[in-house]
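Below is start-v6.cif, holding mmCIF, C-alpha atoms.
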```cif
data_start
loop_
_atom_site.label_atom_id
_atom_site.label_comp_id
_atom_site.auth_asym_id
_atom_site.auth_seq_id
_atom_site.Cartn_x
_atom_site.Cartn_y
_atom_site.Cartn_z
CA MET M 1 138.90 150.19 82.45
CA LYS M 2 136.06 147.69 82.27
CA PHE M 3 133.51 147.01 84.99
CA LEU M 4 130.71 144.48 85.32
CA ILE M 5 127.51 145.23 87.25
CA PHE M 6 125.92 141.97 88.41
CA LEU M 7 122.15 141.96 88.92
CA GLY M 8 121.50 139.48 91.71
CA SER M 9 117.90 138.55 91.00
CA VAL M 10 115.95 136.20 88.75
CA ARG M 11 112.71 136.74 90.62
CA ASP M 12 109.47 136.69 88.61
CA SER M 13 106.91 136.64 91.38
CA THR M 14 105.08 138.99 93.71
CA PRO M 15 105.21 140.13 96.44
CA PRO M 16 107.21 142.31 96.40
CA ARG M 17 105.43 144.25 93.72
CA PRO M 18 106.84 144.92 91.22
CA ALA M 19 109.19 141.94 90.92
CA ARG M 20 112.93 142.33 90.32
CA LEU M 21 113.29 145.58 92.20
CA GLY M 22 117.03 145.18 91.78
CA ALA M 23 116.76 146.03 88.09
CA ARG M 24 115.84 149.58 89.10
CA LEU M 25 118.87 149.90 91.32
CA VAL M 26 121.16 148.44 88.68
CA GLN M 27 119.98 151.05 86.20
CA ALA M 28 120.52 153.80 88.78
CA CYS M 29 124.06 152.54 89.41
CA LEU M 30 124.76 152.27 85.70
CA THR M 31 123.58 155.83 85.07
CA CYS M 32 125.68 157.18 87.94
CA LEU M 33 128.78 155.38 86.69
CA GLN M 34 128.33 156.42 83.07
CA VAL M 35 127.71 160.07 83.96
CA ASN M 36 130.56 160.42 86.44
CA TYR M 37 133.12 157.98 85.05
CA GLY M 38 132.44 158.14 81.33
CA ASP M 39 136.00 157.29 80.33
CA HIS M 40 135.42 153.70 81.43
CA GLN M 41 133.19 150.86 80.21
CA PHE M 42 130.30 149.44 82.22
CA GLU M 43 128.17 146.39 81.41
CA VAL M 44 125.21 144.89 83.24
CA ILE M 45 125.29 141.13 83.79
CA ASP M 46 121.75 139.79 84.09
CA PRO M 47 121.66 136.13 85.21
CA LEU M 48 118.61 135.56 83.01
CA ASP M 49 120.90 136.07 80.00
CA TYR M 50 123.06 133.14 81.10
CA PRO M 51 120.93 129.99 81.46
CA LEU M 52 122.67 127.41 83.60
CA GLU M 53 122.35 123.64 83.70
CA PRO M 54 119.95 122.33 86.38
CA VAL M 55 122.75 120.14 87.73
CA PHE M 56 125.57 122.33 89.02
CA LYS M 57 128.74 122.10 86.96
CA PRO M 58 131.18 125.00 87.18
CA HIS M 59 133.03 126.50 84.26
CA PHE M 60 136.36 124.99 85.27
CA ALA M 61 134.91 121.44 85.42
CA TYR M 62 134.38 121.29 81.65
CA SER M 63 137.03 120.42 79.13
CA SER M 64 137.93 123.40 76.95
CA ARG M 65 135.91 122.03 74.02
CA GLN M 66 132.75 121.32 76.03
CA VAL M 67 132.14 124.59 77.88
CA PRO M 68 128.64 125.92 77.07
CA GLU M 69 128.96 129.08 75.00
CA PRO M 70 127.11 131.40 77.46
CA LEU M 71 129.29 130.19 80.33
CA GLN M 72 132.49 130.77 78.37
CA ARG M 73 131.28 134.17 77.21
CA LEU M 74 130.71 135.28 80.79
CA ALA M 75 134.03 133.80 81.93
CA ASP M 76 135.81 135.89 79.31
CA LYS M 77 134.00 139.04 80.49
CA ILE M 78 134.88 138.36 84.13
CA ALA M 79 138.52 137.79 83.26
CA ALA M 80 138.70 140.99 81.18
CA ALA M 81 137.05 143.21 83.81
CA ASP M 82 138.98 145.47 86.16
CA GLY M 83 136.30 145.57 88.86
CA TYR M 84 132.79 144.52 89.79
CA VAL M 85 129.60 145.96 91.25
CA MET M 86 127.54 143.30 93.01
CA VAL M 87 123.85 144.21 93.45
CA SER M 88 121.89 141.89 95.72
CA PRO M 89 118.62 141.71 97.62
CA GLU M 90 118.50 140.09 101.05
CA TYR M 91 117.11 136.56 101.37
CA ASN M 92 116.91 135.24 104.95
CA HIS M 93 119.62 137.71 106.01
CA SER M 94 121.88 136.42 103.23
CA MET M 95 122.85 137.41 99.71
CA SER M 96 120.74 136.42 96.74
CA PRO M 97 120.98 132.70 95.93
CA ALA M 98 120.76 133.59 92.23
CA LEU M 99 123.86 135.78 92.50
CA ALA M 100 125.78 133.24 94.58
CA ASN M 101 124.89 130.46 92.15
CA LEU M 102 126.05 132.46 89.14
CA LEU M 103 129.33 133.54 90.71
CA ASN M 104 130.06 130.05 92.05
CA HIS M 105 130.25 128.76 88.48
CA PHE M 106 133.64 130.44 88.11
CA GLY M 107 136.97 129.96 89.79
CA SER M 108 138.40 132.73 91.90
CA SER M 109 141.35 133.18 89.52
CA LEU M 110 139.03 135.06 87.13
CA PHE M 111 138.06 137.59 89.82
CA ALA M 112 141.31 137.74 91.76
CA PHE M 113 143.38 140.86 92.42
CA LYS M 114 140.55 143.23 91.50
CA PRO M 115 138.12 145.26 93.65
CA SER M 116 134.37 144.98 94.02
CA ALA M 117 131.58 147.16 95.40
CA ILE M 118 128.65 145.83 97.43
CA VAL M 119 125.20 147.26 96.67
CA THR M 120 122.18 145.86 98.50
CA TYR M 121 118.50 146.74 98.63
CA SER M 122 115.18 145.70 100.07
CA ALA M 123 111.50 146.54 99.93
CA GLY M 124 111.68 147.14 103.69
CA GLN M 125 113.65 149.39 106.00
CA TRP M 126 117.03 147.66 106.28
CA GLY M 127 118.25 147.92 102.69
CA GLY M 128 119.88 144.50 102.67
CA MET M 129 122.57 145.42 105.20
CA ARG M 130 122.69 141.96 106.75
CA ALA M 131 123.23 140.36 103.35
CA ALA M 132 126.08 142.79 102.74
CA VAL M 133 127.96 141.51 105.79
CA GLY M 134 128.06 138.00 104.35
CA MET M 135 128.94 139.30 100.90
CA ARG M 136 132.19 140.72 102.25
CA THR M 137 133.42 137.22 103.10
CA PHE M 138 132.07 135.71 99.89
CA LEU M 139 133.69 138.30 97.61
CA SER M 140 136.95 138.19 99.54
CA GLU M 141 137.14 134.45 98.92
CA LEU M 142 136.60 135.10 95.21
CA GLY M 143 139.61 137.40 95.38
CA CYS M 144 137.76 140.58 94.37
CA LEU M 145 138.10 142.39 97.68
CA PRO M 146 135.13 144.67 98.42
CA VAL M 147 135.85 148.34 99.10
CA SER M 148 134.96 149.59 102.56
CA ALA M 149 132.07 151.87 101.53
CA MET M 150 128.84 150.08 100.68
CA ILE M 151 125.50 151.14 99.21
CA HIS M 152 122.24 150.15 100.93
CA VAL M 153 118.86 151.21 99.56
CA PRO M 154 115.81 150.58 101.79
CA LYS M 155 112.34 150.74 100.26
CA VAL M 156 113.89 150.83 96.81
CA GLN M 157 110.45 150.83 95.18
CA ASP M 158 109.90 154.30 96.67
CA VAL M 159 113.27 155.64 95.50
CA PHE M 160 113.74 154.67 91.84
CA ASP M 161 111.37 153.97 88.95
CA GLU M 162 111.77 151.16 86.43
CA GLN M 163 114.32 153.17 84.44
CA GLY M 164 116.43 153.82 87.54
CA GLU M 165 115.36 157.46 87.72
CA PRO M 166 114.48 159.00 91.12
CA LEU M 167 110.78 159.15 91.91
CA ALA M 168 108.99 162.36 92.75
CA GLY M 169 110.27 163.88 95.96
CA VAL M 170 113.59 162.00 95.84
CA GLU M 171 116.70 164.19 95.61
CA LEU M 172 118.93 162.88 92.84
CA ALA M 173 121.94 164.85 94.09
CA ASP M 174 121.75 163.15 97.49
CA TRP M 175 121.75 159.69 95.95
CA GLN M 176 124.50 160.58 93.47
CA ALA M 177 126.67 161.72 96.38
CA TYR M 178 125.88 158.56 98.33
CA PHE M 179 126.70 156.31 95.37
CA GLY M 180 129.82 158.34 94.64
CA ARG M 181 131.46 157.50 97.95
CA THR M 182 131.46 153.82 97.06
CA PHE M 183 132.16 154.19 93.36
CA ASN M 184 135.06 156.59 93.94
CA GLN M 185 136.68 153.93 96.11
CA LEU M 186 135.99 151.25 93.50
CA LEU M 187 137.57 153.30 90.69
CA TRP M 188 140.57 154.23 92.81
CA TRP M 189 141.32 150.63 93.73
CA ALA M 190 140.61 149.39 90.21
CA ASP M 191 143.17 151.83 88.83
CA ALA M 192 145.72 150.83 91.46
CA THR M 193 145.28 147.09 90.98
CA ALA M 194 145.29 147.37 87.18
CA LYS M 195 148.65 149.14 87.30
CA GLN M 196 150.06 146.59 89.72
CA ARG M 197 148.83 143.64 87.63
CA ALA M 198 150.55 145.19 84.63
CA ALA M 199 153.78 145.57 86.59
CA VAL M 200 153.73 142.15 88.29
CA ASP M 201 151.59 139.25 87.07
CA PRO M 202 150.00 137.96 90.30
CA HIS M 203 148.97 134.70 88.67
CA GLN M 204 152.63 133.88 88.08
CA ALA M 205 153.87 135.22 91.40
CA ILE M 206 151.29 133.56 93.64
CA GLY M 207 149.65 130.75 91.68
CA HIS M 208 146.24 129.17 92.13
CA PHE M 209 144.64 126.16 93.75
CA GLN M 210 143.62 124.29 90.61
CA ARG M 211 144.34 120.60 91.20
CA SER M 212 142.80 119.58 94.51
CA ALA M 213 141.61 120.95 97.82
CA ASP M 214 144.72 119.73 99.66
CA GLN M 215 146.74 122.45 97.92
CA ARG M 216 145.37 124.72 100.65
CA ASN M 217 146.63 122.46 103.46
CA ALA M 218 149.44 123.40 105.78
CA PRO M 219 152.57 121.16 105.59
CA GLY M 220 152.71 118.01 107.65
#
```
Represent the structure from my file as structure tokens, please.
Amino acid sequence: MKFLIFLGSVRDSTPPRPARLGARLVQACLTCLQVNYGDHQFEVIDPLDYPLEPVFKPHFAYSSRQVPEPLQRLADKIAAADGYVMVSPEYNHSMSPALANLLNHFGSSLFAFKPSAIVTYSAGQWGGMRAAVGMRTFLSELGCLPVSAMIHVPKVQDVFDEQGEPLAGVELADWQAYFGRTFNQLLWWADATAKQRAAVDPHQAIGHFQRSADQRNAPG
């Protein structure tokens, strides 16, 4: 199966120092997934690799011949994936605006009927837990339902180095076990939903809201 790991930060400023602490956590997640689930494919999605127009225009608003190549490339990756790992810092008790902006460029039909895992972090003591609460609703609306176990990493700068390796005094086995609880759920649900999508095409059975907002309205 294929999985995308979204890095939810484009920050290039300090504090915190160093910037983009999430890159460390993404690398730690990637290593854990590759070591323990090596039969599957994992790819990091860095929003800096996908420059977006300053005026918001989502992927589905373009005609098929006008979609910017980076946007189409990412849409294809999202559609082909079997699950997602969403890594976000906490901004004002909410998820990263960079991550929300990137994901909002794509319709929920690309994400739908697949699972996701929520991974949050902070330079302080809470580990992004309050952002994670809002991410549950956000990801559910995208259709990639988050698994129940979540990963929260407080003071991430004291846990992992720039390569995602544990710093001195940090027990790798403890963090691998902690990550594994969430990733085991993600892989289980990804396998289950992949088999069900192969048996019954949900896009044909259920359909999508693609014409106008009133498709969501109750009759009458």
Got a sec: who's within 12 Å of Asp76 of chain M, counting all atoms listed in the file, leaving out chain neighbours fewer than 5 positions off, as a ChimeraX atom specification? /M:4,59,67,69-71,81,106,109-111
Find the residue from M:Arg65, M:Arg24, M:His93, M:Lys2 that sits nearest to Val153 of chain M; use all atoms listed in the file when measuring.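 Ranking M:Arg65, M:Arg24, M:His93, M:Lys2 by distance to Val153 of chain M, first place goes to M:Arg24.
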Convert the output of the PyMOL selection byres ((chain M and resi 36) around 12) on the shown file into explicit residues, formatted as a ChimeraX atom specification. /M:29-35,37-42,176-177,179-181,183-184,187
Could those residues be written to a file, using C-alpha atoms, as a PDB file, keeping the file's coordinate frame?
```pdb
ATOM      1  CA  CYS M  29     124.060 152.540  89.410  1.00  0.00           C
ATOM      2  CA  LEU M  30     124.760 152.270  85.700  1.00  0.00           C
ATOM      3  CA  THR M  31     123.580 155.830  85.070  1.00  0.00           C
ATOM      4  CA  CYS M  32     125.680 157.180  87.940  1.00  0.00           C
ATOM      5  CA  LEU M  33     128.780 155.380  86.690  1.00  0.00           C
ATOM      6  CA  GLN M  34     128.330 156.420  83.070  1.00  0.00           C
ATOM      7  CA  VAL M  35     127.710 160.070  83.960  1.00  0.00           C
ATOM      8  CA  TYR M  37     133.120 157.980  85.050  1.00  0.00           C
ATOM      9  CA  GLY M  38     132.440 158.140  81.330  1.00  0.00           C
ATOM     10  CA  ASP M  39     136.000 157.290  80.330  1.00  0.00           C
ATOM     11  CA  HIS M  40     135.420 153.700  81.430  1.00  0.00           C
ATOM     12  CA  GLN M  41     133.190 150.860  80.210  1.00  0.00           C
ATOM     13  CA  PHE M  42     130.300 149.440  82.220  1.00  0.00           C
ATOM     14  CA  GLN M 176     124.500 160.580  93.470  1.00  0.00           C
ATOM     15  CA  ALA M 177     126.670 161.720  96.380  1.00  0.00           C
ATOM     16  CA  PHE M 179     126.700 156.310  95.370  1.00  0.00           C
ATOM     17  CA  GLY M 180     129.820 158.340  94.640  1.00  0.00           C
ATOM     18  CA  ARG M 181     131.460 157.500  97.950  1.00  0.00           C
ATOM     19  CA  PHE M 183     132.160 154.190  93.360  1.00  0.00           C
ATOM     20  CA  ASN M 184     135.060 156.590  93.940  1.00  0.00           C
ATOM     21  CA  LEU M 187     137.570 153.300  90.690  1.00  0.00           C
TER      22      LEU M 187
END
```
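Distance-wise, atom CA of Gly8 of chain M and atom CA of Pro47 of chain M end up 7.3 Å apart.
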Go through M:Phe138, M:Tyr121, M:Tyr84, M:Phe113 and flag the residue nearest Phe6 of chain M, using only C-alpha atoms for the distances.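 Among M:Phe138, M:Tyr121, M:Tyr84, M:Phe113, it is M:Tyr84 that comes nearest to Phe6 of chain M.
Interatomic distance, atom CA of Ala23 of chain M to atom CA of Lys57 of chain M: 26.8 Å.
Nearest-residue note for Glu141 of chain M: choosing from M:Thr182, M:Ser116, M:Gln125, M:Asn217, the minimum distance belongs to M:Ser116, counting all atoms listed in the file.
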Atomic separation - atom CA of Ser148 of chain M relative to atom CA of Ala28 of chain M, Å: 20.4 Å
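In terms of minimum interatomic distance to Ala80 of chain M, M:Ala112 ranks closest within M:Ala112, M:Ala123, M:Val133, M:Leu25, counting all atoms listed in the file.
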Quick one: residues within 12 Å of (136.0, 122.3, 83.6) (file frame), counting all atoms listed in the file, please, as a ChimeraX atom specification. /M:56-68,71-72,75,105-107,210-211
Identify, on the basis of all atoms listed in the file, every residue whose closest approach to Gly22 of chain M does not exceed 7 Å; exclude the query and any residue fewer than 6 positions from it along the same chain; express the result as a list in words.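 Skipping anything fewer than 6 positions along the chain leaves Leu7, Ser9 and Pro89 of chain M.
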Serialized selection, C-alpha atoms, as a CSV table (one decimal), keeping the file's coordinate frame:
```
chain,number,residue,atom,x,y,z
M,7,LEU,CA,122.2,142.0,88.9
M,9,SER,CA,117.9,138.6,91.0
M,89,PRO,CA,118.6,141.7,97.6
```
Applied to the shown file, which residues does the PyMOL selection byres ((chain M and resi 96) around 12) return, written as number ranges by chain? M: 6-11, 20, 22, 47, 86-95, 97-103, 119-122, 128, 130-132, 134-135, 138
Looking at M:Lys114, M:His152, M:Lys77, M:His203, which one is nearest to Met129 of chain M, with distances taken over all atoms listed in the file?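 Ranked by minimum distance to Met129 of chain M, first place goes to M:His152.
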